[in-house]
Structure formats: structure tokens, C-alpha cells
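Raw upload.tsv, TSV, C-alpha atoms:
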```tsv
chain	number	residue	atom	x	y	z
A	1	MET	CA	10.45	-24.09	-16.54
A	2	LEU	CA	10.52	-20.31	-17.00
A	3	LYS	CA	13.37	-20.56	-19.49
A	4	ASN	CA	11.53	-23.16	-21.60
A	5	LEU	CA	8.34	-21.10	-21.54
A	6	ILE	CA	10.07	-17.88	-22.57
A	7	GLU	CA	12.00	-19.65	-25.34
A	8	LYS	CA	8.81	-21.24	-26.65
A	9	VAL	CA	6.98	-17.89	-26.76
A	10	SER	CA	9.93	-16.15	-28.41
A	11	ARG	CA	10.15	-18.81	-31.14
A	12	ARG	CA	6.42	-18.86	-31.73
A	13	TYR	CA	6.17	-15.11	-32.30
A	14	ASN	CA	9.65	-14.71	-33.80
A	15	ALA	CA	10.45	-12.16	-31.13
A	16	GLY	CA	13.53	-11.32	-29.12
A	17	LYS	CA	13.61	-11.17	-25.36
A	18	PRO	CA	10.02	-10.50	-24.19
A	19	ARG	CA	8.56	-8.28	-21.51
A	20	VAL	CA	7.05	-10.42	-18.75
A	21	VAL	CA	4.39	-9.67	-16.13
A	22	VAL	CA	4.44	-12.02	-13.12
A	23	GLY	CA	1.66	-12.40	-10.55
A	24	VAL	CA	2.91	-12.51	-6.95
A	25	PRO	CA	1.12	-12.74	-3.57
A	26	SER	CA	0.18	-9.46	-1.89
A	27	GLY	CA	2.55	-8.45	0.88
A	28	ILE	CA	5.60	-9.84	-0.92
A	29	THR	CA	8.88	-8.59	0.58
A	30	GLU	CA	11.50	-6.62	-1.35
A	31	VAL	CA	13.90	-9.55	-1.11
A	32	GLU	CA	11.27	-11.84	-2.65
A	33	GLU	CA	10.54	-9.24	-5.34
A	34	ARG	CA	14.21	-9.14	-6.36
A	35	ALA	CA	14.41	-12.93	-6.35
A	36	VAL	CA	11.45	-13.18	-8.74
A	37	GLU	CA	12.80	-10.44	-11.01
A	38	GLU	CA	16.28	-11.98	-11.18
A	39	SER	CA	14.88	-15.45	-11.87
A	40	VAL	CA	12.78	-14.23	-14.80
A	41	ILE	CA	15.63	-12.11	-16.24
A	42	GLN	CA	17.98	-15.10	-16.04
A	43	ALA	CA	15.33	-17.18	-17.81
A	44	GLY	CA	15.54	-14.83	-20.81
A	45	ALA	CA	13.16	-11.90	-20.25
A	46	LYS	CA	14.01	-8.36	-21.32
A	47	GLU	CA	11.88	-6.62	-18.68
A	48	VAL	CA	10.01	-7.98	-15.67
A	49	TYR	CA	7.00	-6.39	-14.02
A	50	LEU	CA	5.31	-7.68	-10.87
A	51	ILE	CA	1.60	-7.48	-10.15
A	52	GLU	CA	-0.06	-8.54	-6.93
A	53	GLU	CA	-2.37	-11.48	-7.56
A	54	PRO	CA	-5.52	-9.87	-6.11
A	55	MET	CA	-4.94	-6.88	-8.41
A	56	ALA	CA	-4.53	-9.22	-11.38
A	57	ALA	CA	-7.67	-11.10	-10.33
A	58	ALA	CA	-9.60	-7.81	-10.14
A	59	ILE	CA	-8.50	-6.81	-13.63
A	60	GLY	CA	-9.34	-10.29	-14.90
A	61	ALA	CA	-12.78	-9.99	-13.29
A	62	SER	CA	-13.35	-6.75	-15.28
A	63	ILE	CA	-13.23	-4.48	-12.22
A	64	GLU	CA	-12.23	-0.92	-13.17
A	65	VAL	CA	-9.25	-0.75	-10.82
A	66	GLY	CA	-8.25	2.80	-11.81
A	67	GLU	CA	-11.46	4.43	-10.61
A	68	PRO	CA	-11.43	6.54	-7.42
A	69	SER	CA	-14.24	4.43	-5.94
A	70	GLY	CA	-13.49	1.32	-3.88
A	71	SER	CA	-13.83	-2.30	-4.98
A	72	ILE	CA	-13.06	-5.54	-3.15
A	73	ILE	CA	-11.82	-8.82	-4.60
A	74	VAL	CA	-11.56	-12.16	-2.78
A	75	ASP	CA	-9.21	-14.51	-4.66
A	76	ILE	CA	-9.36	-18.05	-3.25
A	77	GLY	CA	-6.59	-19.92	-5.03
A	78	GLY	CA	-4.76	-23.15	-4.29
A	79	GLY	CA	-2.35	-22.10	-1.54
A	80	THR	CA	-3.65	-18.73	-0.37
A	81	THR	CA	-6.77	-16.63	-0.06
A	82	GLU	CA	-6.07	-13.01	-0.99
A	83	VAL	CA	-8.52	-10.26	-0.05
A	84	ALA	CA	-7.90	-6.74	-1.30
A	85	VAL	CA	-9.65	-3.39	-1.41
A	86	ILE	CA	-8.64	-1.55	-4.57
A	87	SER	CA	-8.95	2.11	-5.54
A	88	LEU	CA	-7.09	4.44	-7.93
A	89	GLY	CA	-4.99	1.60	-9.33
A	90	GLY	CA	-3.60	0.56	-5.96
A	91	ILE	CA	-4.35	-1.80	-3.10
A	92	VAL	CA	-5.62	0.17	-0.11
A	93	VAL	CA	-6.11	-2.72	2.32
A	94	SER	CA	-5.18	-6.36	1.87
A	95	HIS	CA	-4.91	-9.56	3.84
A	96	SER	CA	-3.48	-12.92	2.84
A	97	LEU	CA	-4.46	-16.22	4.43
A	98	ARG	CA	-2.65	-19.50	3.88
A	99	ILE	CA	-5.93	-21.36	3.77
A	100	ALA	CA	-7.47	-22.02	0.37
A	101	GLY	CA	-8.22	-24.86	-2.02
A	102	ASP	CA	-5.32	-27.12	-0.99
A	103	GLU	CA	-6.20	-26.79	2.69
A	104	LEU	CA	-9.83	-27.68	1.97
A	105	ASP	CA	-8.66	-30.82	0.13
A	106	GLU	CA	-6.58	-31.74	3.17
A	107	ASP	CA	-9.59	-31.16	5.44
A	108	ILE	CA	-11.59	-33.64	3.37
A	109	VAL	CA	-8.78	-36.22	3.41
A	110	ASN	CA	-8.52	-35.97	7.21
A	111	TYR	CA	-12.28	-36.06	7.77
A	112	ILE	CA	-12.75	-39.23	5.72
A	113	LYS	CA	-9.71	-40.78	7.40
A	114	HIS	CA	-10.93	-40.12	10.93
A	115	GLU	CA	-14.70	-40.48	10.47
A	116	MET	CA	-14.82	-43.30	7.94
A	117	ASN	CA	-11.49	-45.06	8.45
A	118	LEU	CA	-10.68	-44.67	4.75
A	119	ALA	CA	-7.57	-43.28	3.08
A	120	ILE	CA	-8.09	-41.21	-0.07
A	121	GLY	CA	-5.71	-39.11	-2.15
A	122	GLU	CA	-5.73	-35.35	-2.70
A	123	THR	CA	-7.01	-35.77	-6.25
A	124	THR	CA	-10.07	-37.62	-4.95
A	125	ALA	CA	-10.54	-35.01	-2.23
A	126	GLU	CA	-10.48	-32.21	-4.81
A	127	GLN	CA	-13.09	-34.04	-6.89
A	128	ILE	CA	-15.30	-34.40	-3.82
A	129	LYS	CA	-14.86	-30.69	-3.02
A	130	MET	CA	-15.83	-29.58	-6.50
A	131	GLU	CA	-18.78	-31.95	-6.87
A	132	ILE	CA	-20.49	-31.81	-3.47
A	133	GLY	CA	-18.47	-29.36	-1.35
A	134	CYS	CA	-20.58	-26.56	0.11
A	135	ALA	CA	-20.22	-23.74	2.64
A	136	MET	CA	-23.91	-23.90	3.66
A	137	PRO	CA	-26.51	-26.68	3.41
A	138	LEU	CA	-27.79	-27.26	-0.12
A	139	MET	CA	-31.50	-27.19	-0.88
A	140	THR	CA	-31.22	-30.88	-1.73
A	141	GLU	CA	-28.54	-32.98	-0.08
A	142	THR	CA	-26.25	-34.58	-2.65
A	143	SER	CA	-23.86	-37.52	-2.39
A	144	MET	CA	-21.19	-39.34	-4.34
A	145	GLU	CA	-19.40	-42.67	-4.21
A	146	VAL	CA	-15.75	-42.58	-3.19
A	147	ARG	CA	-13.15	-45.32	-3.47
A	148	GLY	CA	-10.21	-45.54	-1.12
A	149	ARG	CA	-8.11	-47.86	1.01
A	150	ASP	CA	-9.57	-49.25	4.22
A	151	LEU	CA	-7.26	-48.35	7.10
A	152	GLY	CA	-8.22	-51.53	8.93
A	153	ASP	CA	-7.42	-54.30	6.46
A	154	GLY	CA	-5.65	-52.29	3.74
A	155	LEU	CA	-8.13	-53.39	1.07
A	156	PRO	CA	-9.97	-51.14	-1.42
A	157	ARG	CA	-13.41	-50.03	-0.22
A	158	ASN	CA	-16.19	-47.84	-1.60
A	159	ILE	CA	-18.21	-45.45	0.56
A	160	ILE	CA	-20.92	-42.85	0.02
A	161	VAL	CA	-20.16	-39.32	1.24
A	162	THR	CA	-22.76	-36.56	1.43
A	163	SER	CA	-22.67	-32.79	1.01
A	164	VAL	CA	-23.59	-32.47	4.70
A	165	GLN	CA	-20.48	-34.41	5.69
A	166	ILE	CA	-18.21	-32.39	3.40
A	167	GLU	CA	-19.70	-29.13	4.69
A	168	GLU	CA	-18.72	-30.30	8.19
A	169	ALA	CA	-15.24	-31.33	6.97
A	170	ILE	CA	-14.36	-27.90	5.55
A	171	LYS	CA	-16.35	-25.76	8.00
A	172	GLU	CA	-13.39	-24.57	10.08
A	173	SER	CA	-11.35	-23.46	7.06
A	174	ILE	CA	-14.36	-21.80	5.43
A	175	THR	CA	-14.99	-19.88	8.65
A	176	LYS	CA	-11.41	-18.56	8.61
A	177	ILE	CA	-11.82	-17.41	4.99
A	178	VAL	CA	-15.03	-15.57	5.90
A	179	GLU	CA	-13.31	-13.98	8.89
A	180	ILE	CA	-10.44	-12.62	6.79
A	181	VAL	CA	-13.00	-11.02	4.45
A	182	LYS	CA	-14.72	-9.40	7.42
A	183	LEU	CA	-11.39	-8.23	8.87
A	184	THR	CA	-10.48	-6.58	5.56
A	185	LEU	CA	-13.84	-4.80	5.46
A	186	GLU	CA	-13.33	-3.59	9.05
A	187	LYS	CA	-9.98	-2.02	8.03
A	188	THR	CA	-11.43	-0.36	4.92
A	189	PRO	CA	-11.70	3.46	4.99
A	190	PRO	CA	-15.35	4.56	5.41
A	191	GLU	CA	-15.48	6.46	2.10
A	192	LEU	CA	-14.52	3.27	0.22
A	193	ALA	CA	-16.70	1.00	2.36
A	194	SER	CA	-19.82	2.77	1.08
A	195	ASP	CA	-18.71	2.08	-2.52
A	196	ILE	CA	-18.18	-1.58	-1.71
A	197	MET	CA	-21.58	-1.81	-0.05
A	198	GLU	CA	-23.09	-0.60	-3.30
A	199	LYS	CA	-20.93	-2.65	-5.71
A	200	GLY	CA	-20.63	-5.82	-3.65
A	201	ILE	CA	-17.84	-8.33	-3.14
A	202	VAL	CA	-16.35	-10.21	-6.11
A	203	LEU	CA	-15.11	-13.78	-5.67
A	204	ALA	CA	-12.40	-15.23	-7.90
A	205	GLY	CA	-10.20	-18.32	-7.94
A	206	GLY	CA	-11.22	-21.97	-7.79
A	207	GLY	CA	-12.57	-21.58	-4.26
A	208	ALA	CA	-15.25	-19.23	-5.59
A	209	LEU	CA	-16.93	-22.31	-7.11
A	210	ILE	CA	-17.64	-23.92	-3.72
A	211	LYS	CA	-21.39	-24.07	-3.52
A	212	ASN	CA	-23.09	-21.45	-1.33
A	213	LEU	CA	-19.83	-19.76	-0.33
A	214	ASP	CA	-21.10	-16.56	-1.96
A	215	LYS	CA	-24.32	-16.81	0.07
A	216	LEU	CA	-22.44	-17.40	3.33
A	217	ILE	CA	-20.15	-14.40	2.80
A	218	SER	CA	-23.17	-12.28	1.88
A	219	ILE	CA	-24.99	-13.28	5.08
A	220	GLU	CA	-21.91	-12.70	7.24
A	221	THR	CA	-21.05	-9.29	5.74
A	222	GLY	CA	-24.51	-8.00	4.83
A	223	MET	CA	-23.23	-7.21	1.33
A	224	PRO	CA	-24.05	-8.57	-2.13
A	225	VAL	CA	-21.51	-11.12	-3.36
A	226	TYR	CA	-20.83	-12.00	-6.99
A	227	ILE	CA	-18.78	-14.77	-8.56
A	228	ALA	CA	-16.52	-13.50	-11.34
A	229	GLU	CA	-16.94	-14.86	-14.84
A	230	SER	CA	-14.48	-17.78	-15.31
A	231	PRO	CA	-13.13	-17.36	-11.74
A	232	LEU	CA	-10.38	-19.94	-12.26
A	233	GLU	CA	-8.83	-17.78	-14.98
A	234	CYS	CA	-9.10	-14.32	-13.41
A	235	VAL	CA	-5.45	-13.97	-12.33
A	236	VAL	CA	-4.14	-15.24	-15.68
A	237	ARG	CA	-6.52	-13.04	-17.66
A	238	GLY	CA	-5.71	-10.00	-15.53
A	239	THR	CA	-1.97	-10.52	-15.96
A	240	GLY	CA	-2.47	-10.85	-19.73
A	241	LYS	CA	-4.62	-7.70	-19.92
A	242	THR	CA	-1.97	-5.80	-17.99
A	243	LEU	CA	0.76	-6.89	-20.40
A	244	GLU	CA	-1.39	-5.94	-23.40
A	245	ASP	CA	-2.10	-2.46	-21.99
A	246	LEU	CA	1.11	-1.89	-20.06
A	247	GLU	CA	1.32	1.87	-20.49
A	248	ARG	CA	-2.19	2.53	-19.13
A	249	LEU	CA	-1.93	-0.03	-16.33
A	250	LYS	CA	1.66	0.59	-15.21
A	251	THR	CA	0.41	2.12	-11.95
A	252	VAL	CA	-0.88	-1.29	-10.80
A	253	LEU	CA	2.58	-2.86	-11.07
A	254	ILE	CA	4.63	-3.11	-7.87
A	255	ASN	CA	8.11	-2.51	-9.27
A	256	SER	CA	6.88	0.07	-11.80
A	257	ARG	CA	5.57	2.24	-8.97
A	258	LYS	CA	8.88	1.96	-7.12
A	259	ARG	CA	10.92	2.94	-10.19
A	260	LYS	CA	9.26	6.34	-10.39
```

If you convert what's in this file into C-alpha cells, what do you get?
Amino acid sequence: MLKNLIEKVSRRYNAGKPRVVVGVPSGITEVEERAVEESVIQAGAKEVYLIEEPMAAAIGASIEVGEPSGSIIVDIGGGTTEVAVISLGGIVVSHSLRIAGDELDEDIVNYIKHEMNLAIGETTAEQIKMEIGCAMPLMTETSMEVRGRDLGDGLPRNIIVTSVQIEEAIKESITKIVEIVKLTLEKTPPELASDIMEKGIVLAGGGALIKNLDKLISIETGMPVYIAESPLECVVRGTGKTLEDLERLKTVLINSRKRK
């Protein structure tokens, strides 16, 4: 896949071997770093730089990561939730949780299976999550019709699920996401915590679109919470911005810092 992508880009822009910036989870080991670098070089890249995904998300969310003040980003992706406090172009405190969008989909699948005796697929679960999923009760309860396979007779069956039911389905996972945000804030140096209190928490990733999640985190932390513009694209945009302005942003790159 990487080889095809690099070849396609090289042909399109009539360029030789390109420089590549790759987003990786925070807390990646040196062995994993080398594995990523070697894979991308073998796929045809000239140079490979690694950026931690929460850092990329922060840049993509237009946070000024090079400033001496503190900022916090919560990136709720598909497989992981990454929370990071950023200052002076580096990550000061970070935590990674293997609970995010995919886990929420699985929660919905299991809830409907056990409570309604209906089997649905992950694609249906994701649609439910995006349409009526919520972290706190909505002002007006919403519902949607769902089609699945009855676990009793094996025949197709339609049911109505409500936002209250889906809130219950994902409640445990949402609570763990909120707790990892609170834990990160507890570990944040006091001088940066005051900056964060003033600036607020920024949510990115697809999970940021779950209704009322921003309100729940705000209530639990006592801080303002904002959803980034185009949260689904923050990591991609941040990686692209870094590649475009590599000289200025080299300090945010993992392997660039280690080469000094």
C-alpha cells in the first residue's frame, strides 16, 4: 500500500523519492519507530519523519504548538484515544487509551445483541453512534430504525433504538475516556495547567462528534471544551502542515529530535 501511494505521488508531481511524514501513536517504542522508518524507506521514500498523532492533531487543529504556554488535545480516533499536553513544540504529558470509536461500535453491537436479541454489523453500529450516540442525555430524545438478524429465528427484523439506549450502551467506555483526560490533567505541571484552564481542552478525531461529549468533559474537568474544526481531518491536516513547513516544525518530529 505504501509503495503504491509513494509511486502515485511521485508520478503525479514528476518528483523523485519524496520526504514522508508519518503519524504514529504517542509512546511508540524505539523498535516500533525503526520498523515504521524501514517500511517507508523500503516503499520508496527518501527521508522519513515521525510525528506523534496527538501532536499532528494539535497542529491540524491550529494550536500554536511552539509557544511556551500549555495546550491540551484529546484525539479520539478509531483504535485509540490520545491525550497530550503540549508546550514548546513537545509533548509534556501524554496518555493513550485503547478505547475509541471502534470500541464504542462494539459496545453498541453487544448492547443490541443482549438487550434486544438482534445481531447487527459494525457498519450499522457506527451509523447509530454517529446519528444518535450521545455522552449525556439530549434535550430531545431521538431514535432511529435499525435492521438486523433476529437471534431467535434467524430472520431479518427491524427495531427502534433511542439515544437514551445508546447513551447507556457506550457509557462505560465514555467514562474511561473522560477519566484518561482527568488523569492527564492531574499529571500536568501547575504552570501549564493554568494556561489550559484559560485556553480550554480541544477535541479532535471522529469521537469528538459524539453529541454532548464536550459538555460531559467540561463538567467533569471544570474547563471549557472546544471541538476542533473538521475534527476527522486534524491528524491528516497536521501531518501535511508539518511536511509543508518542515524546517520550522522539525522540533515536533520524534526522530528529528533524536538525530540532533

Problem set entry | Residues within 10 Å of Val161 in chain A, only C-alpha atoms, excluding chain neighbours under 5 positions, as a list in words |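 In the requested format, the answer is Ile112, Met116, Ile128, Ile132, Thr142, Ser143, Met144, Glu145, Val146 and Ile166 of chain A.
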
For this session: Between A:Ser94, A:Arg12, A:Leu246, A:Ala228, single out the one closest to Val48 in chain A, counting all atoms listed in the file.
Result: A:Leu246

Problem set entry | Neighbours of point (-5.5, -11.2, -12.2) within 6 Å, using only C-alpha atoms, written as JSON, numbers by chain | {"A": [53, 55, 56, 57, 58, 59, 60, 234, 235, 236, 237, 238, 239]}

Exercise. Hey, which of A:Asp102, A:Ile86, A:Asp214, A:Leu118 ends up closest to Leu185 in chain A? Count only C-alpha atoms.
Worked result: A:Ile86

For this session: Considering all atoms listed in the file, state which residue in the set A:Val109, A:Ile51, A:Ala204, A:Ile219 is at the smallest distance from Glu82 in chain A.
Result: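 Looking only at the distances to Glu82 in chain A, the closest residue turns out to be A:Ala204.
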
Restrict the output to range 216-250 of chain A and N, CA, C and O atoms, then write it as a PDB file, in the first residue's frame.
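Saved file result_34.pdb follows:
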```pdb
ATOM      1  N   LEU A 216     -19.859  16.881  28.647  1.00  0.00           N
ATOM      2  CA  LEU A 216     -19.530  15.974  29.749  1.00  0.00           C
ATOM      3  C   LEU A 216     -18.104  16.198  30.236  1.00  0.00           C
ATOM      4  O   LEU A 216     -17.866  16.285  31.451  1.00  0.00           O
ATOM      5  N   ILE A 217     -17.148  16.318  29.314  1.00  0.00           N
ATOM      6  CA  ILE A 217     -15.755  16.548  29.710  1.00  0.00           C
ATOM      7  C   ILE A 217     -15.619  17.895  30.413  1.00  0.00           C
ATOM      8  O   ILE A 217     -14.881  18.023  31.399  1.00  0.00           O
ATOM      9  N   SER A 218     -16.356  18.885  29.948  1.00  0.00           N
ATOM     10  CA  SER A 218     -16.321  20.205  30.581  1.00  0.00           C
ATOM     11  C   SER A 218     -16.840  20.141  32.017  1.00  0.00           C
ATOM     12  O   SER A 218     -16.245  20.716  32.939  1.00  0.00           O
ATOM     13  N   ILE A 219     -17.929  19.417  32.225  1.00  0.00           N
ATOM     14  CA  ILE A 219     -18.497  19.277  33.572  1.00  0.00           C
ATOM     15  C   ILE A 219     -17.530  18.532  34.482  1.00  0.00           C
ATOM     16  O   ILE A 219     -17.306  18.922  35.634  1.00  0.00           O
ATOM     17  N   GLU A 220     -16.921  17.459  33.961  1.00  0.00           N
ATOM     18  CA  GLU A 220     -16.049  16.615  34.774  1.00  0.00           C
ATOM     19  C   GLU A 220     -14.709  17.283  35.105  1.00  0.00           C
ATOM     20  O   GLU A 220     -14.097  16.978  36.125  1.00  0.00           O
ATOM     21  N   THR A 221     -14.245  18.166  34.232  1.00  0.00           N
ATOM     22  CA  THR A 221     -12.936  18.814  34.446  1.00  0.00           C
ATOM     23  C   THR A 221     -13.049  20.246  34.945  1.00  0.00           C
ATOM     24  O   THR A 221     -12.070  20.807  35.448  1.00  0.00           O
ATOM     25  N   GLY A 222     -14.222  20.850  34.776  1.00  0.00           N
ATOM     26  CA  GLY A 222     -14.397  22.255  35.145  1.00  0.00           C
ATOM     27  C   GLY A 222     -13.718  23.208  34.183  1.00  0.00           C
ATOM     28  O   GLY A 222     -13.464  24.366  34.522  1.00  0.00           O
ATOM     29  N   MET A 223     -13.426  22.736  32.977  1.00  0.00           N
ATOM     30  CA  MET A 223     -12.730  23.553  31.978  1.00  0.00           C
ATOM     31  C   MET A 223     -13.582  23.693  30.719  1.00  0.00           C
ATOM     32  O   MET A 223     -14.391  22.805  30.409  1.00  0.00           O
ATOM     33  N   PRO A 224     -13.377  24.785  29.972  1.00  0.00           N
ATOM     34  CA  PRO A 224     -14.067  24.889  28.676  1.00  0.00           C
ATOM     35  C   PRO A 224     -13.535  23.849  27.705  1.00  0.00           C
ATOM     36  O   PRO A 224     -12.348  23.502  27.742  1.00  0.00           O
ATOM     37  N   VAL A 225     -14.399  23.310  26.865  1.00  0.00           N
ATOM     38  CA  VAL A 225     -14.014  22.286  25.893  1.00  0.00           C
ATOM     39  C   VAL A 225     -14.508  22.707  24.520  1.00  0.00           C
ATOM     40  O   VAL A 225     -15.659  23.120  24.364  1.00  0.00           O
ATOM     41  N   TYR A 226     -13.622  22.618  23.536  1.00  0.00           N
ATOM     42  CA  TYR A 226     -13.954  23.022  22.169  1.00  0.00           C
ATOM     43  C   TYR A 226     -13.713  21.868  21.206  1.00  0.00           C
ATOM     44  O   TYR A 226     -12.769  21.105  21.368  1.00  0.00           O
ATOM     45  N   ILE A 227     -14.574  21.761  20.211  1.00  0.00           N
ATOM     46  CA  ILE A 227     -14.386  20.766  19.161  1.00  0.00           C
ATOM     47  C   ILE A 227     -13.624  21.431  18.015  1.00  0.00           C
ATOM     48  O   ILE A 227     -14.005  22.511  17.550  1.00  0.00           O
ATOM     49  N   ALA A 228     -12.537  20.815  17.577  1.00  0.00           N
ATOM     50  CA  ALA A 228     -11.731  21.376  16.502  1.00  0.00           C
ATOM     51  C   ALA A 228     -12.540  21.459  15.213  1.00  0.00           C
ATOM     52  O   ALA A 228     -13.481  20.682  14.992  1.00  0.00           O
ATOM     53  N   GLU A 229     -12.160  22.390  14.367  1.00  0.00           N
ATOM     54  CA  GLU A 229     -12.778  22.468  13.049  1.00  0.00           C
ATOM     55  C   GLU A 229     -12.375  21.227  12.237  1.00  0.00           C
ATOM     56  O   GLU A 229     -11.211  20.840  12.228  1.00  0.00           O
ATOM     57  N   SER A 230     -13.336  20.593  11.597  1.00  0.00           N
ATOM     58  CA  SER A 230     -13.098  19.353  10.826  1.00  0.00           C
ATOM     59  C   SER A 230     -12.298  18.348  11.669  1.00  0.00           C
ATOM     60  O   SER A 230     -11.187  17.955  11.301  1.00  0.00           O
ATOM     61  N   PRO A 231     -12.842  17.908  12.808  1.00  0.00           N
ATOM     62  CA  PRO A 231     -12.070  17.052  13.718  1.00  0.00           C
ATOM     63  C   PRO A 231     -11.581  15.751  13.097  1.00  0.00           C
ATOM     64  O   PRO A 231     -10.523  15.239  13.467  1.00  0.00           O
ATOM     65  N   LEU A 232     -12.336  15.213  12.143  1.00  0.00           N
ATOM     66  CA  LEU A 232     -11.929  13.964  11.497  1.00  0.00           C
ATOM     67  C   LEU A 232     -10.619  14.105  10.725  1.00  0.00           C
ATOM     68  O   LEU A 232      -9.909  13.121  10.511  1.00  0.00           O
ATOM     69  N   GLU A 233     -10.304  15.318  10.303  1.00  0.00           N
ATOM     70  CA  GLU A 233      -9.155  15.538   9.429  1.00  0.00           C
ATOM     71  C   GLU A 233      -7.950  16.138  10.145  1.00  0.00           C
ATOM     72  O   GLU A 233      -6.938  16.425   9.513  1.00  0.00           O
ATOM     73  N   CYS A 234      -8.039  16.327  11.450  1.00  0.00           N
ATOM     74  CA  CYS A 234      -6.985  17.051  12.176  1.00  0.00           C
ATOM     75  C   CYS A 234      -5.610  16.391  12.052  1.00  0.00           C
ATOM     76  O   CYS A 234      -4.610  17.071  11.805  1.00  0.00           O
ATOM     77  N   VAL A 235      -5.537  15.075  12.228  1.00  0.00           N
ATOM     78  CA  VAL A 235      -4.231  14.393  12.163  1.00  0.00           C
ATOM     79  C   VAL A 235      -3.653  14.497  10.759  1.00  0.00           C
ATOM     80  O   VAL A 235      -2.462  14.793  10.582  1.00  0.00           O
ATOM     81  N   VAL A 236      -4.486  14.279   9.755  1.00  0.00           N
ATOM     82  CA  VAL A 236      -4.014  14.355   8.361  1.00  0.00           C
ATOM     83  C   VAL A 236      -3.560  15.771   8.029  1.00  0.00           C
ATOM     84  O   VAL A 236      -2.498  15.981   7.439  1.00  0.00           O
ATOM     85  N   ARG A 237      -4.363  16.752   8.407  1.00  0.00           N
ATOM     86  CA  ARG A 237      -4.006  18.153   8.138  1.00  0.00           C
ATOM     87  C   ARG A 237      -2.720  18.544   8.859  1.00  0.00           C
ATOM     88  O   ARG A 237      -1.864  19.227   8.309  1.00  0.00           O
ATOM     89  N   GLY A 238      -2.604  18.116  10.112  1.00  0.00           N
ATOM     90  CA  GLY A 238      -1.412  18.451  10.889  1.00  0.00           C
ATOM     91  C   GLY A 238      -0.157  17.827  10.311  1.00  0.00           C
ATOM     92  O   GLY A 238       0.908  18.460  10.275  1.00  0.00           O
ATOM     93  N   THR A 239      -0.264  16.593   9.837  1.00  0.00           N
ATOM     94  CA  THR A 239       0.877  15.925   9.201  1.00  0.00           C
ATOM     95  C   THR A 239       1.269  16.657   7.927  1.00  0.00           C
ATOM     96  O   THR A 239       2.454  16.876   7.649  1.00  0.00           O
ATOM     97  N   GLY A 240       0.252  17.064   7.150  1.00  0.00           N
ATOM     98  CA  GLY A 240       0.512  17.815   5.913  1.00  0.00           C
ATOM     99  C   GLY A 240       1.159  19.162   6.179  1.00  0.00           C
ATOM    100  O   GLY A 240       2.108  19.557   5.489  1.00  0.00           O
ATOM    101  N   LYS A 241       0.665  19.880   7.185  1.00  0.00           N
ATOM    102  CA  LYS A 241       1.245  21.188   7.542  1.00  0.00           C
ATOM    103  C   LYS A 241       2.698  21.035   7.973  1.00  0.00           C
ATOM    104  O   LYS A 241       3.547  21.877   7.654  1.00  0.00           O
ATOM    105  N   THR A 242       2.979  19.957   8.699  1.00  0.00           N
ATOM    106  CA  THR A 242       4.350  19.712   9.153  1.00  0.00           C
ATOM    107  C   THR A 242       5.276  19.472   7.973  1.00  0.00           C
ATOM    108  O   THR A 242       6.403  19.986   7.929  1.00  0.00           O
ATOM    109  N   LEU A 243       4.817  18.703   7.001  1.00  0.00           N
ATOM    110  CA  LEU A 243       5.630  18.416   5.816  1.00  0.00           C
ATOM    111  C   LEU A 243       5.874  19.687   5.003  1.00  0.00           C
ATOM    112  O   LEU A 243       6.966  19.909   4.482  1.00  0.00           O
ATOM    113  N   GLU A 244       4.850  20.543   4.933  1.00  0.00           N
ATOM    114  CA  GLU A 244       4.972  21.791   4.168  1.00  0.00           C
ATOM    115  C   GLU A 244       5.937  22.774   4.826  1.00  0.00           C
ATOM    116  O   GLU A 244       6.569  23.584   4.145  1.00  0.00           O
ATOM    117  N   ASP A 245       6.027  22.723   6.159  1.00  0.00           N
ATOM    118  CA  ASP A 245       6.857  23.682   6.894  1.00  0.00           C
ATOM    119  C   ASP A 245       7.857  22.918   7.769  1.00  0.00           C
ATOM    120  O   ASP A 245       7.968  23.157   8.968  1.00  0.00           O
ATOM    121  N   LEU A 246       8.574  21.996   7.135  1.00  0.00           N
ATOM    122  CA  LEU A 246       9.409  21.041   7.851  1.00  0.00           C
ATOM    123  C   LEU A 246      10.520  21.707   8.658  1.00  0.00           C
ATOM    124  O   LEU A 246      10.807  21.298   9.779  1.00  0.00           O
ATOM    125  N   GLU A 247      11.140  22.727   8.097  1.00  0.00           N
ATOM    126  CA  GLU A 247      12.251  23.364   8.798  1.00  0.00           C
ATOM    127  C   GLU A 247      11.798  24.010  10.108  1.00  0.00           C
ATOM    128  O   GLU A 247      12.441  23.866  11.142  1.00  0.00           O
ATOM    129  N   ARG A 248      10.667  24.702  10.073  1.00  0.00           N
ATOM    130  CA  ARG A 248      10.171  25.391  11.276  1.00  0.00           C
ATOM    131  C   ARG A 248       9.631  24.407  12.305  1.00  0.00           C
ATOM    132  O   ARG A 248       9.740  24.634  13.519  1.00  0.00           O
ATOM    133  N   LEU A 249       9.047  23.300  11.824  1.00  0.00           N
ATOM    134  CA  LEU A 249       8.369  22.373  12.726  1.00  0.00           C
ATOM    135  C   LEU A 249       9.174  21.106  13.014  1.00  0.00           C
ATOM    136  O   LEU A 249       8.638  20.154  13.566  1.00  0.00           O
ATOM    137  N   LYS A 250      10.456  21.108  12.662  1.00  0.00           N
ATOM    138  CA  LYS A 250      11.265  19.901  12.872  1.00  0.00           C
ATOM    139  C   LYS A 250      11.327  19.482  14.341  1.00  0.00           C
ATOM    140  O   LYS A 250      11.499  18.291  14.641  1.00  0.00           O
TER     141      LYS A 250
END
```
